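What follows is one structure encoded as structure tokens, with my remarks underneath.
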Amino acid sequence: MTESSEAEIRRLRWQCRRGMLELDHLLRRFLDLGYSNLDSERQGEFAALLREQDQDLSDWLMGRRDPENAQVAALVRHIIAVAGEPERHRSTPDSR
């Protein structure tokens with residue numbers, strides 16, 4: 001990893017710190033597990049996503065509503081697929 005990419009990851013890690021623990025966890029987990037697999041365009045989309053309001057991010061990433069922009073919606077789905085923890089969202093073990 002180059003010095004500039006290390007600095008970028010540190011900057012993004014700082015931006016992943018939000019006012020909601022669930023967002024912090026999900027965004028940092030994605031940064032660790034999936035960010036490096038994105039092409040540069042999608043990495044830019046992730047950086048732009050981090051500029052959104054916490055409430056919007058929370059609604060999108062917790063599945064309460066979808067982003068209006070199709071590209072943002074696709075990125076949100078990808079983040080959930082990579083970093084989500086499906087077992088947390090089940091109400092009971094028998095609800096599969």
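To be explicit about the labels: the chains of the structure tokens are called A, B, and onward in the order shown, and within each one the residues are counted from 1, while ligands get numbers from 1 in the order they are shown.
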
field: Contacts of segment 30-42 of chain A within 8 Å, only C-alpha atoms, excl. fewer than 3 positions in-chain, as a ChimeraX atom specification
entry: /A:12-13,26-27,45-46,75,79,82-83

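Residues with any atom within 12 Å of segment 67-74 of chain A, counting only C-alpha atoms and excluding same-chain neighbours fewer than 5 positions away, are A:Glu41, A:Arg42, A:Gln43, A:Gly44, A:Glu45, A:Phe46, A:Ala47, A:Ala48, A:Leu49, A:Leu50, A:Glu52, A:Gln55, A:Asp56, A:Leu57, A:Ser58, A:Asp59, A:Trp60, A:Leu61, A:Met62, A:Ile79, A:Ile80, A:Ala81.
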
Backbone DSSP call of helix (DSSP H, G or I) for chain A, listed as a PyMOL selection string: chain A and resi 3-15+21-33+35-37+40-49+54-61+70-83+86-89

- request: Have a look at atom CA of Arg51 of chain A and atom CA of Gly63 of chain A and let me know their distance in Å, one decimal.
  value: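 So the answer is 18.8 Å.
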